[in-house]
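Below is my_file36.txt, which holds compact mmCIF, C-alpha atoms and all ligand atoms.
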# COMPACT_ATOMS: atom_id res chain seq x y z
CA MET A 27 30.17 0.30 -33.71
CA PRO A 28 30.54 2.14 -30.42
CA GLY A 29 34.00 2.04 -28.91
CA ARG A 30 34.57 0.04 -25.76
CA SER A 31 33.97 3.07 -23.59
CA VAL A 32 30.80 4.30 -25.34
CA GLY A 33 27.44 2.80 -24.35
CA ALA A 34 25.46 1.57 -27.37
CA ALA A 35 22.43 3.66 -28.34
CA THR A 36 20.29 0.52 -28.47
CA GLY A 37 19.12 -2.00 -25.90
CA GLY A 38 19.77 -4.70 -28.46
CA ASP A 39 16.17 -5.91 -28.79
CA THR A 40 15.85 -6.69 -32.49
CA TYR A 41 12.09 -5.88 -32.47
CA ILE A 42 12.68 -2.27 -31.34
CA ALA A 43 16.31 -1.58 -32.16
CA THR A 44 16.01 2.19 -31.63
CA SER A 45 14.85 1.80 -28.02
CA GLY A 46 17.04 1.09 -25.04
CA ASN A 47 20.71 1.75 -24.43
CA GLY A 48 23.84 -0.19 -23.61
CA GLY A 49 26.60 0.04 -21.05
CA TYR A 50 24.49 0.23 -17.90
CA GLY A 51 21.40 -1.06 -16.16
CA VAL A 52 18.98 1.05 -14.12
CA ASP A 53 18.32 0.11 -10.50
CA HIS A 54 15.87 2.82 -9.47
CA TYR A 55 13.82 5.70 -10.93
CA GLU A 56 12.77 8.53 -8.65
CA LEU A 57 10.37 10.79 -10.57
CA GLU A 58 9.32 14.14 -9.11
CA LEU A 59 6.59 15.35 -11.46
CA ARG A 60 4.38 18.41 -11.72
CA TYR A 61 1.54 18.47 -14.23
CA ARG A 62 -0.98 21.04 -15.43
CA PRO A 63 -3.88 19.35 -17.25
CA VAL A 64 -5.22 22.63 -18.69
CA THR A 65 -2.04 23.33 -20.63
CA ASN A 66 -0.68 19.76 -20.78
CA ARG A 67 2.57 20.94 -19.22
CA LEU A 68 4.76 18.36 -17.52
CA ASP A 69 7.84 19.30 -15.51
CA GLY A 70 9.98 16.64 -13.91
CA VAL A 71 13.13 15.85 -12.05
CA ALA A 72 14.25 12.28 -12.68
CA THR A 73 16.84 10.86 -10.31
CA ILE A 74 18.10 7.67 -11.89
CA THR A 75 20.38 5.26 -10.06
CA ALA A 76 22.22 2.95 -12.45
CA THR A 77 25.15 0.54 -12.55
CA SER A 78 27.63 0.58 -15.42
CA THR A 79 28.53 -2.66 -17.19
CA GLN A 80 31.54 -1.11 -18.95
CA VAL A 81 33.64 2.04 -18.80
CA LEU A 82 31.39 4.91 -19.91
CA GLU A 83 32.89 7.98 -21.51
CA ARG A 84 29.51 8.50 -23.12
CA PHE A 85 26.07 6.85 -22.89
CA SER A 86 22.46 7.53 -23.79
CA LEU A 87 18.92 7.40 -22.43
CA ASP A 88 15.54 7.39 -24.16
CA LEU A 89 13.52 10.59 -23.92
CA SER A 90 10.97 11.65 -26.54
CA ARG A 91 10.56 15.36 -27.33
CA LEU A 92 10.66 16.61 -23.74
CA ARG A 93 13.55 19.04 -23.27
CA VAL A 94 16.27 18.68 -20.68
CA SER A 95 17.22 21.91 -18.93
CA ARG A 96 19.81 20.54 -16.52
CA LEU A 97 21.66 17.27 -16.04
CA ARG A 98 24.08 16.22 -13.31
CA ILE A 99 25.96 13.02 -12.55
CA ASP A 100 26.66 12.36 -8.90
CA GLY A 101 28.75 15.30 -7.78
CA GLN A 102 30.51 15.76 -11.13
CA ARG A 103 30.72 19.23 -12.59
CA GLY A 104 30.84 19.80 -16.31
CA THR A 105 28.74 16.86 -17.54
CA ARG A 106 27.52 17.62 -21.06
CA PHE A 107 24.45 16.37 -22.91
CA THR A 108 22.81 16.59 -26.33
CA GLN A 109 19.32 15.63 -27.50
CA THR A 110 17.71 14.28 -30.63
CA THR A 111 13.96 13.59 -30.93
CA HIS A 112 14.11 10.34 -28.96
CA LYS A 113 17.62 10.11 -27.44
CA LEU A 114 19.46 11.95 -24.71
CA THR A 115 23.23 11.51 -24.97
CA VAL A 116 25.34 12.16 -21.89
CA THR A 117 29.08 12.81 -21.72
CA PRO A 118 30.25 12.73 -18.10
CA ALA A 119 33.06 15.08 -17.12
CA ARG A 120 34.99 12.00 -15.99
CA ALA A 121 34.46 8.51 -17.44
CA ILE A 122 32.35 6.23 -15.23
CA PRO A 123 34.33 3.08 -14.37
CA ALA A 124 32.92 -0.36 -15.15
CA GLY A 125 30.74 -1.85 -12.43
CA ALA A 126 30.14 1.49 -10.71
CA GLU A 127 26.85 2.67 -9.28
CA PHE A 128 26.11 6.23 -10.39
CA THR A 129 23.22 8.68 -10.12
CA ILE A 130 21.96 10.97 -12.87
CA VAL A 131 19.68 13.87 -12.00
CA ILE A 132 17.74 15.22 -14.98
CA ASP A 133 15.51 18.32 -14.96
CA TYR A 134 13.17 18.17 -17.94
CA GLY A 135 9.81 19.33 -19.20
CA GLY A 136 7.45 20.06 -22.07
CA ALA A 137 4.08 19.09 -23.50
CA PRO A 138 4.05 15.29 -23.52
CA THR A 139 2.31 13.50 -26.38
CA THR A 140 2.03 9.98 -27.69
CA ARG A 141 4.79 8.64 -29.85
CA THR A 142 4.13 7.10 -33.23
CA SER A 143 5.03 3.45 -33.51
CA ARG A 144 4.28 0.66 -35.92
CA TRP A 145 1.73 -0.52 -33.34
CA GLY A 146 -0.05 2.83 -33.24
CA PRO A 147 0.40 5.77 -30.84
CA VAL A 148 2.00 4.83 -27.49
CA GLY A 149 2.85 6.66 -24.28
CA TRP A 150 1.42 9.74 -22.57
CA GLU A 151 -2.05 10.45 -23.89
CA GLU A 152 -4.39 13.30 -22.98
CA LEU A 153 -7.95 12.21 -22.27
CA ALA A 154 -10.95 14.56 -22.51
CA ASP A 155 -10.13 15.59 -18.92
CA GLY A 156 -7.10 13.73 -17.65
CA VAL A 157 -4.25 11.55 -18.73
CA LEU A 158 -3.61 7.92 -19.54
CA VAL A 159 -0.19 6.35 -20.09
CA ALA A 160 -0.20 3.23 -22.27
CA ALA A 161 3.47 2.70 -23.00
CA GLN A 162 3.68 -0.81 -24.42
CA PRO A 163 6.09 -1.31 -26.01
CA SER A 164 8.05 1.90 -26.69
CA GLY A 165 6.09 4.76 -25.08
CA ALA A 166 7.86 5.15 -21.72
CA PRO A 167 10.22 7.92 -22.95
CA THR A 168 7.20 10.13 -23.70
CA TRP A 169 7.03 11.00 -19.99
CA TYR A 170 10.37 10.20 -18.34
CA PRO A 171 14.00 9.63 -19.31
CA CYS A 172 14.73 5.92 -19.14
CA ASN A 173 16.56 2.92 -20.46
CA ASP A 174 13.60 1.71 -22.47
CA VAL A 175 14.49 -1.93 -22.95
CA VAL A 176 12.15 -4.64 -21.68
CA SER A 177 14.88 -6.62 -19.89
CA ASP A 178 16.04 -3.68 -17.73
CA LYS A 179 13.70 -3.69 -14.71
CA ALA A 180 13.99 -1.19 -11.87
CA SER A 181 12.11 -0.02 -8.78
CA TYR A 182 10.15 3.25 -8.89
CA ARG A 183 9.09 6.07 -6.64
CA ILE A 184 6.82 8.57 -8.36
CA ARG A 185 5.56 11.82 -6.85
CA MET A 186 3.00 13.88 -8.77
CA THR A 187 1.92 17.44 -7.90
CA ILE A 188 -1.33 18.52 -9.54
CA ASP A 189 -4.58 20.49 -9.21
CA PRO A 190 -6.37 18.90 -6.20
CA ALA A 191 -9.50 18.23 -8.28
CA TYR A 192 -7.67 15.33 -9.91
CA THR A 193 -6.94 11.83 -8.66
CA VAL A 194 -3.57 10.34 -9.56
CA VAL A 195 -2.74 6.64 -9.85
CA CYS A 196 0.80 5.37 -10.38
CA ASN A 197 2.36 1.97 -9.82
CA GLY A 198 2.73 0.58 -6.34
CA ALA A 199 1.45 1.70 -2.99
CA LEU A 200 0.12 5.21 -2.41
CA ILE A 201 2.37 6.10 0.50
CA GLU A 202 1.33 9.72 0.86
CA HIS A 203 -1.42 12.04 -0.35
CA ARG A 204 -1.53 15.56 0.99
CA THR A 205 -2.28 19.10 -0.05
CA VAL A 206 0.65 21.51 -0.25
CA ALA A 207 0.18 25.14 -1.23
CA GLY A 208 -3.21 24.36 -2.79
CA GLN A 209 -1.88 21.44 -4.86
CA GLY A 210 -2.47 17.72 -4.45
CA VAL A 211 0.75 15.79 -3.90
CA TRP A 212 0.62 12.04 -4.52
CA THR A 213 3.54 9.70 -3.77
CA PHE A 214 3.67 6.10 -4.95
CA ASP A 215 6.26 3.45 -4.17
CA GLN A 216 6.85 0.39 -6.34
CA PRO A 217 9.73 -1.58 -4.81
CA GLU A 218 9.45 -4.63 -7.09
CA PRO A 219 11.49 -4.63 -10.32
CA THR A 220 9.33 -3.09 -13.04
CA ALA A 221 9.79 -2.89 -16.81
CA THR A 222 9.74 0.65 -18.24
CA TYR A 223 6.63 -0.04 -20.35
CA LEU A 224 4.72 -1.09 -17.22
CA ALA A 225 5.37 2.18 -15.36
CA THR A 226 2.34 4.43 -15.63
CA VAL A 227 0.45 7.53 -14.57
CA GLN A 228 -3.34 7.80 -14.68
CA ILE A 229 -4.97 11.16 -14.00
CA GLY A 230 -8.66 12.00 -13.89
CA ARG A 231 -11.62 13.25 -11.88
CA TYR A 232 -12.11 9.92 -10.24
CA ALA A 233 -13.87 8.35 -7.30
CA THR A 234 -12.00 5.66 -5.37
CA ALA A 235 -13.28 2.51 -3.66
CA LYS A 236 -11.26 0.08 -1.57
CA ARG A 237 -11.80 -3.65 -1.93
CA ASP A 238 -10.40 -6.94 -0.73
CA TRP A 239 -9.78 -9.30 -3.61
CA ASP A 240 -9.20 -12.67 -2.03
CA SER A 241 -6.18 -11.87 0.19
CA VAL A 242 -5.05 -8.94 -1.97
CA PRO A 243 -5.85 -5.29 -1.12
CA GLY A 244 -7.67 -3.80 -4.10
CA THR A 245 -8.64 -0.35 -5.30
CA ILE A 246 -11.12 0.68 -8.00
CA VAL A 247 -10.69 4.16 -9.47
CA TYR A 248 -13.55 5.29 -11.71
CA PRO A 249 -15.76 8.17 -12.84
CA ALA A 250 -18.52 8.47 -10.20
CA PRO A 251 -21.41 8.61 -12.75
CA ILE A 252 -20.71 5.06 -13.98
CA GLU A 253 -20.25 3.51 -10.53
CA ALA A 254 -23.02 0.92 -10.88
CA GLY A 255 -21.59 -0.53 -14.11
CA VAL A 256 -18.06 -0.53 -12.69
CA PHE A 257 -19.00 -2.30 -9.46
CA SER A 258 -21.03 -4.83 -11.40
CA ASP A 259 -18.46 -5.61 -14.11
CA PHE A 260 -15.51 -5.91 -11.71
CA GLY A 261 -17.55 -7.78 -9.08
CA LYS A 262 -15.98 -11.13 -10.00
CA LEU A 263 -12.43 -9.99 -9.19
CA PRO A 264 -12.37 -11.69 -5.74
CA GLU A 265 -13.19 -15.06 -7.33
CA MET A 266 -10.74 -14.46 -10.18
CA MET A 267 -7.98 -13.55 -7.74
CA ALA A 268 -8.74 -16.66 -5.66
CA LEU A 269 -8.66 -18.90 -8.73
CA PHE A 270 -5.42 -17.46 -10.08
CA GLN A 271 -3.71 -17.59 -6.69
CA ARG A 272 -4.67 -21.26 -6.50
CA LEU A 273 -3.50 -22.03 -10.05
CA PHE A 274 -0.51 -19.67 -10.43
CA GLY A 275 0.63 -19.17 -6.82
CA PRO A 276 0.55 -16.07 -4.61
CA TYR A 277 -0.29 -12.73 -6.26
CA PRO A 278 3.14 -11.12 -6.78
CA PHE A 279 2.53 -7.51 -5.69
CA ALA A 280 1.27 -5.63 -2.62
CA GLY A 281 -2.03 -4.62 -4.22
CA TYR A 282 -4.09 -4.53 -7.40
CA THR A 283 -5.77 -1.39 -8.75
CA VAL A 284 -8.33 -1.16 -11.53
CA VAL A 285 -8.66 2.21 -13.28
CA VAL A 286 -11.72 2.83 -15.45
CA THR A 287 -11.36 5.93 -17.62
CA PRO A 288 -14.34 8.07 -18.64
CA ASP A 289 -13.09 7.74 -22.21
CA VAL A 290 -13.74 4.78 -24.47
CA LEU A 291 -10.65 2.59 -24.93
CA GLU A 292 -10.23 0.13 -27.75
CA ILE A 293 -8.52 -2.39 -25.48
CA PRO A 294 -7.74 -2.52 -21.76
CA LEU A 295 -4.11 -2.74 -20.77
CA GLU A 296 -1.96 -3.92 -17.95
CA ALA A 297 0.61 -2.00 -15.93
CA GLN A 298 2.60 -3.05 -12.87
CA GLY A 299 0.08 -3.72 -10.09
CA LEU A 300 -2.82 -2.24 -12.02
CA ALA A 301 -4.96 -2.43 -15.12
CA ILE A 302 -6.69 0.28 -17.13
CA PHE A 303 -10.09 -0.15 -18.75
CA GLY A 304 -12.34 2.21 -20.74
CA SER A 305 -15.87 3.19 -19.73
CA ASN A 306 -17.01 0.92 -22.57
CA HIS A 307 -15.61 -2.05 -20.62
CA ALA A 308 -17.83 -1.25 -17.63
CA ALA A 309 -21.32 -1.04 -19.11
CA GLY A 310 -22.65 -3.34 -16.38
CA ASP A 311 -23.34 -6.29 -18.67
CA ALA A 312 -20.20 -8.35 -17.85
CA GLY A 313 -19.44 -8.06 -21.56
CA TRP A 314 -15.67 -7.91 -21.05
CA GLU A 315 -15.25 -10.36 -18.19
CA ARG A 316 -12.69 -12.39 -20.11
CA LEU A 317 -10.49 -9.30 -20.39
CA VAL A 318 -10.83 -8.58 -16.66
CA ALA A 319 -9.33 -12.04 -16.18
CA HIS A 320 -6.73 -11.46 -18.91
CA GLU A 321 -5.35 -8.24 -17.41
CA LEU A 322 -5.26 -9.72 -13.90
CA ALA A 323 -3.28 -12.75 -15.16
CA HIS A 324 -0.64 -10.39 -16.58
CA GLN A 325 0.42 -9.54 -13.03
CA TRP A 326 1.95 -13.04 -12.88
CA PHE A 327 2.78 -13.45 -16.57
CA GLY A 328 4.29 -10.36 -18.17
CA ASN A 329 4.67 -8.15 -15.12
CA SER A 330 6.27 -10.28 -12.40
CA VAL A 331 7.69 -12.82 -14.85
CA GLY A 332 8.70 -10.50 -17.70
CA VAL A 333 10.08 -11.24 -21.14
CA ALA A 334 13.81 -10.78 -21.76
CA ALA A 335 13.06 -9.67 -25.34
CA TRP A 336 9.86 -8.90 -27.23
CA LYS A 337 10.15 -11.97 -29.44
CA HIS A 338 9.11 -14.04 -26.40
CA ILE A 339 5.81 -12.15 -26.09
CA TRP A 340 3.71 -15.33 -26.28
CA LEU A 341 4.95 -15.93 -22.71
CA ASN A 342 2.89 -12.85 -21.74
CA GLU A 343 -0.08 -13.02 -24.09
CA GLY A 344 -0.48 -16.76 -24.53
CA PHE A 345 -0.51 -17.19 -20.75
CA ALA A 346 -2.96 -14.30 -20.18
CA CYS A 347 -5.22 -15.67 -22.91
CA TYR A 348 -5.09 -19.16 -21.39
CA ALA A 349 -6.04 -17.59 -18.04
CA GLU A 350 -9.25 -16.34 -19.74
CA TRP A 351 -10.07 -19.93 -20.68
CA LEU A 352 -9.28 -21.17 -17.17
CA TRP A 353 -11.60 -18.54 -15.73
CA SER A 354 -14.36 -19.55 -18.17
CA GLU A 355 -13.93 -23.20 -17.17
CA GLN A 356 -14.11 -22.33 -13.46
CA ASN A 357 -17.01 -19.92 -13.77
CA GLY A 358 -19.51 -22.17 -15.53
CA GLY A 359 -18.58 -21.07 -19.05
CA MET A 360 -17.11 -23.20 -21.79
CA SER A 361 -14.24 -25.49 -20.68
CA ALA A 362 -10.66 -24.65 -21.61
CA ASP A 363 -10.69 -27.74 -23.81
CA GLY A 364 -13.84 -26.61 -25.59
CA LEU A 365 -12.42 -23.13 -26.13
CA ALA A 366 -9.09 -24.54 -27.31
CA ARG A 367 -10.81 -26.72 -29.93
CA GLN A 368 -12.98 -23.82 -31.05
CA PHE A 369 -10.03 -21.43 -31.43
CA ARG A 370 -7.91 -24.07 -33.15
CA ARG A 371 -10.69 -24.51 -35.72
CA ASP A 372 -10.85 -20.74 -36.12
CA LEU A 373 -7.07 -20.51 -36.61
CA SER A 374 -7.10 -23.32 -39.18
CA GLY A 375 -9.23 -21.10 -41.40
CA ARG A 376 -6.78 -18.21 -41.19
CA ALA A 377 -3.42 -17.51 -42.82
CA LEU A 378 -0.66 -19.77 -41.54
CA ASP A 379 2.08 -17.18 -41.86
CA ILE A 380 3.06 -16.62 -38.26
CA THR A 381 5.75 -18.17 -36.06
CA VAL A 382 4.39 -17.61 -32.59
CA GLY A 383 7.73 -18.16 -30.82
CA ASP A 384 9.31 -15.32 -32.84
CA PRO A 385 6.52 -13.52 -34.70
CA GLY A 386 8.53 -10.47 -35.77
CA PRO A 387 7.78 -6.90 -34.69
CA THR A 388 4.86 -6.36 -37.08
CA LEU A 389 2.91 -9.35 -35.80
CA MET A 390 3.95 -9.31 -32.13
CA PHE A 391 0.49 -8.13 -31.00
CA ASP A 392 -1.34 -10.24 -33.58
CA ASP A 393 -4.31 -12.10 -32.12
CA ARG A 394 -2.79 -15.38 -33.35
CA VAL A 395 0.14 -14.92 -30.91
CA TYR A 396 -2.44 -14.81 -28.11
CA LYS A 397 -4.60 -17.70 -29.27
CA ARG A 398 -1.88 -20.02 -30.53
CA GLY A 399 0.20 -19.18 -27.44
CA ALA A 400 -2.74 -20.31 -25.29
CA LEU A 401 -3.17 -23.39 -27.49
CA THR A 402 0.49 -24.24 -26.88
CA LEU A 403 -0.23 -24.29 -23.15
CA HIS A 404 -3.36 -26.36 -23.63
CA ALA A 405 -1.47 -28.89 -25.77
CA LEU A 406 1.15 -29.06 -23.02
CA ARG A 407 -1.54 -29.57 -20.35
CA ARG A 408 -3.11 -32.39 -22.38
CA THR A 409 0.32 -33.99 -22.86
CA ILE A 410 1.69 -33.89 -19.31
CA GLY A 411 -1.60 -33.94 -17.37
CA ASP A 412 -3.37 -31.42 -15.15
CA GLU A 413 -1.39 -31.86 -11.96
CA PRO A 414 2.11 -31.54 -13.49
CA PHE A 415 0.84 -28.70 -15.72
CA PHE A 416 -0.39 -26.51 -12.87
CA ASP A 417 2.66 -27.43 -10.76
CA LEU A 418 4.70 -26.17 -13.72
CA LEU A 419 2.78 -22.87 -13.91
CA ARG A 420 3.29 -22.23 -10.19
CA SER A 421 6.94 -23.18 -10.42
CA TRP A 422 7.37 -20.86 -13.43
CA ALA A 423 5.78 -17.91 -11.58
CA LEU A 424 7.86 -18.57 -8.45
CA THR A 425 11.23 -19.45 -10.02
CA HIS A 426 11.24 -16.38 -12.26
CA ARG A 427 9.36 -14.01 -9.95
CA PHE A 428 10.39 -10.40 -10.79
CA GLY A 429 12.87 -11.70 -13.37
CA THR A 430 12.97 -11.87 -17.16
CA VAL A 431 12.59 -15.01 -19.21
CA THR A 432 12.91 -16.59 -22.65
CA THR A 433 11.00 -19.36 -24.41
CA ASP A 434 14.00 -21.65 -23.79
CA ASP A 435 13.66 -21.01 -20.06
CA PHE A 436 10.07 -22.24 -20.23
CA ARG A 437 10.98 -25.30 -22.30
CA THR A 438 13.75 -26.18 -19.85
CA LEU A 439 11.44 -25.93 -16.84
CA ALA A 440 8.57 -27.74 -18.61
CA ALA A 441 10.91 -30.67 -19.37
CA THR A 442 11.34 -31.27 -15.64
CA PHE A 443 7.55 -31.76 -15.30
CA SER A 444 7.28 -34.27 -18.13
CA ASP A 445 8.28 -37.91 -18.43
CA ARG A 446 8.38 -37.67 -22.23
CA PRO A 447 10.24 -35.31 -24.61
CA LEU A 448 8.38 -32.06 -25.40
CA ASP A 449 10.55 -30.78 -28.25
CA ARG A 450 8.11 -31.79 -30.99
CA LEU A 451 5.25 -30.11 -29.13
CA PHE A 452 7.06 -26.77 -28.72
CA GLU A 453 8.60 -26.84 -32.20
CA GLY A 454 5.22 -27.59 -33.77
CA TRP A 455 3.17 -24.99 -31.90
CA LEU A 456 5.76 -22.21 -31.59
CA PHE A 457 8.30 -22.52 -34.38
CA SER A 458 6.50 -23.88 -37.41
CA THR A 459 3.71 -22.14 -39.28
CA ALA A 460 1.63 -25.31 -39.89
CA LEU A 461 -1.05 -25.77 -37.23
CA PRO A 462 -0.56 -28.95 -35.14
CA ARG A 463 -3.47 -31.05 -33.89
CA LEU A 464 -4.44 -30.83 -30.25
CA PRO A 465 -3.61 -33.97 -28.27
ZN ZN A 501 -2.48 -9.02 -22.82

Show me the file's structure as structure tokens.
Amino acid sequence: MPGRSVGAATGGDTYIATSGNGGYGVDHYELELRYRPVTNRLDGVATITATSTQVLERFSLDLSRLRVSRLRIDGQRGTRFTQTTHKLTVTPARAIPAGAEFTIVIDYGGAPTTRTSRWGPVGWEELADGVLVAAQPSGAPTWYPCNDVVSDKASYRIRMTIDPAYTVVCNGALIEHRTVAGQGVWTFDQPEPTATYLATVQIGRYATAKRDWDSVPGTIVYPAPIEAGVFSDFGKLPEMMALFQRLFGPYPFAGYTVVVTPDVLEIPLEAQGLAIFGSNHAAGDAGWERLVAHELAHQWFGNSVGVAAWKHIWLNEGFACYAEWLWSEQNGGMSADGLARQFRRDLSGRALDITVGDPGPTLMFDDRVYKRGALTLHALRRTIGDEPFFDLLRSWALTHRFGTVTTDDFRTLAATFSDRPLDRLFEGWLFSTALPRLP
């Protein structure tokens, strides 16, 4: 047990107990990065503004393998630090009082790599010629020092200096791109609160196209040789954006960027204000349209409205999966009801050994969390009716915009849109293993 003046070396999320830290919350990350693709060398200065929640004689951050060369707190002299493989422990020269804002400046560097996790490799990943960061859920410390707990959201400003042949994409708006001493310097600003796993860097030899997606400024970043497939497969984004803004409320961020890597990716993934797909998802045959919808829906559900702990992940994945069905229904495909009945039949033939409302770390990305999470929403829609259901979704996205949520928060809000009790519905779909019938 840490003493009352030592920040815990865990964020307290039972699914990833080794990640995150206690005793403070981060308000802002300012990352000044320099990267050499040829040698995979990353050098950074992270300026982290945080607020203590207790007296801190000692506290930690997450940082995987990269070495710290210098660390300062505010104007203090004599701050000490030590490192293990994944933790950076800081002992300020003078204890930080409770409730104080403080700034840590960390010079660090090394050859970033993915980090092993029970869900496979996560974090900074070298492509054939570039970089992809896919940090969910524990990969953020592979490229910057952070408080890697899903409930601790912060704003970001990221500046990357790199060979000018490369295009860089980070979260938020590109506020400056210039050439300095023969190097490309890219600065991105993400003012909205962002979870550590949703911060990202994408680097490649990319072409860039600007788009308007409904009312939202869009950007597509892609390898020029596959332009035709990219433009074709992401051509429905304006209609998707219009549908989701109608059903879920206004798009929560200033823009939406799609990055298509030249490499093949097993699955696309979401980050704050952007989504990353592989070249295999842009073959020009609309083969992955449902996932284009899925990743876009995460901007509302997962990114803006984030989970307070990983056990609530159905609030991200069930909602994004249900958005796929809503898109299908709207776009002349199978109705959400038809898809729900089909996937319920499919689930009934599979093992009933998962509790979707708290699936445990091993099964948190299990397909059944996605499908049964979506089925929970469909059962709710059938129970309370279309109009209250979509009012609820918009209210959910607005009430908890940029915040973090739990399943209980959703149940509490849903109750206000229903004239009958919903406890049996939620208990049956989320907290028992037996598969309920659809209403
Ligand atoms: Zn997803």

Around ligand ZN 501 (chain A), at most 7 Å away and counting only C-alpha atoms and all ligand atoms, which residues are there? Put them as a ChimeraX atom specification, please. /A:295,320-321,324,342-343,346

May I have the residues within 9 Å of A:Leu97 as a list in words, using only C-alpha atoms and disregarding those fewer than 2 positions away in the same chain?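 My reading of the contact set: Val94, Ser95, Ile99, Thr105, Arg106, Phe107, Val116, Ile130, Val131, Ile132, Asp133 and Tyr134 of chain A.
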
Residue subset to file, keeping C-alpha atoms, as an mmCIF file, keeping the file's coordinate frame:
data_model
loop_
_atom_site.group_PDB
_atom_site.id
_atom_site.type_symbol
_atom_site.label_atom_id
_atom_site.label_comp_id
_atom_site.auth_asym_id
_atom_site.auth_seq_id
_atom_site.Cartn_x
_atom_site.Cartn_y
_atom_site.Cartn_z
ATOM 1 C CA VAL A 94 16.270 18.680 -20.680
ATOM 2 C CA SER A 95 17.220 21.910 -18.930
ATOM 3 C CA ILE A 99 25.960 13.020 -12.550
ATOM 4 C CA THR A 105 28.740 16.860 -17.540
ATOM 5 C CA ARG A 106 27.520 17.620 -21.060
ATOM 6 C CA PHE A 107 24.450 16.370 -22.910
ATOM 7 C CA VAL A 116 25.340 12.160 -21.890
ATOM 8 C CA ILE A 130 21.960 10.970 -12.870
ATOM 9 C CA VAL A 131 19.680 13.870 -12.000
ATOM 10 C CA ILE A 132 17.740 15.220 -14.980
ATOM 11 C CA ASP A 133 15.510 18.320 -14.960
ATOM 12 C CA TYR A 134 13.170 18.170 -17.940
#

If you count only C-alpha atoms, the residue of A:Gly275, A:Gly310, A:Tyr348, A:Arg450 closest to A:Trp422 turns out to be A:Gly275

Nearby residues (all atoms listed in the file) at most 6 Å from stretch 66-80 of chain A, same-chain spacing under 2 positions excluded, as number ranges by chain: A: 49-64, 124-137

Do a neighbour search on A:Val395 at 9 Å with all atoms listed in the file, toss out local chain neighbours closer than 2 positions, and write the hits as a count of residues only. 18

Rounded to one decimal, what separation in Å do you get between atom CA of A:Pro251 and atom CA of A:Leu317?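 Computing it gives 22.3 Å between the two atoms.
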
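For A:Pro138, the set of protein, DNA and RNA residues having any atom at most 10 Å away, when counting only C-alpha atoms and skipping those fewer than 6 positions along the same chain, is Asn66, Arg67, Leu68, Asp69, Ser90, Arg91, Leu92, Gly149, Trp150, Glu151, Glu152, Pro167, Thr168, Trp169 and Tyr170 of chain A.
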
Need the shell around A:Glu453: protein/DNA/RNA residues with any atom at most 12 Å away, counting all atoms listed in the file. Skip same-chain ones fewer than 2 positions apart. Format as a list of chain:residue names?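 Residues meeting the cut-off are A:Thr381, A:Val382, A:Gly383, A:Asp384, A:Thr402, A:Thr433, A:Asp434, A:Arg437, A:Pro447, A:Leu448, A:Asp449, A:Arg450, A:Leu451, A:Trp455, A:Leu456, A:Phe457, A:Ser458, A:Thr459, A:Ala460, A:Leu461, A:Pro462.
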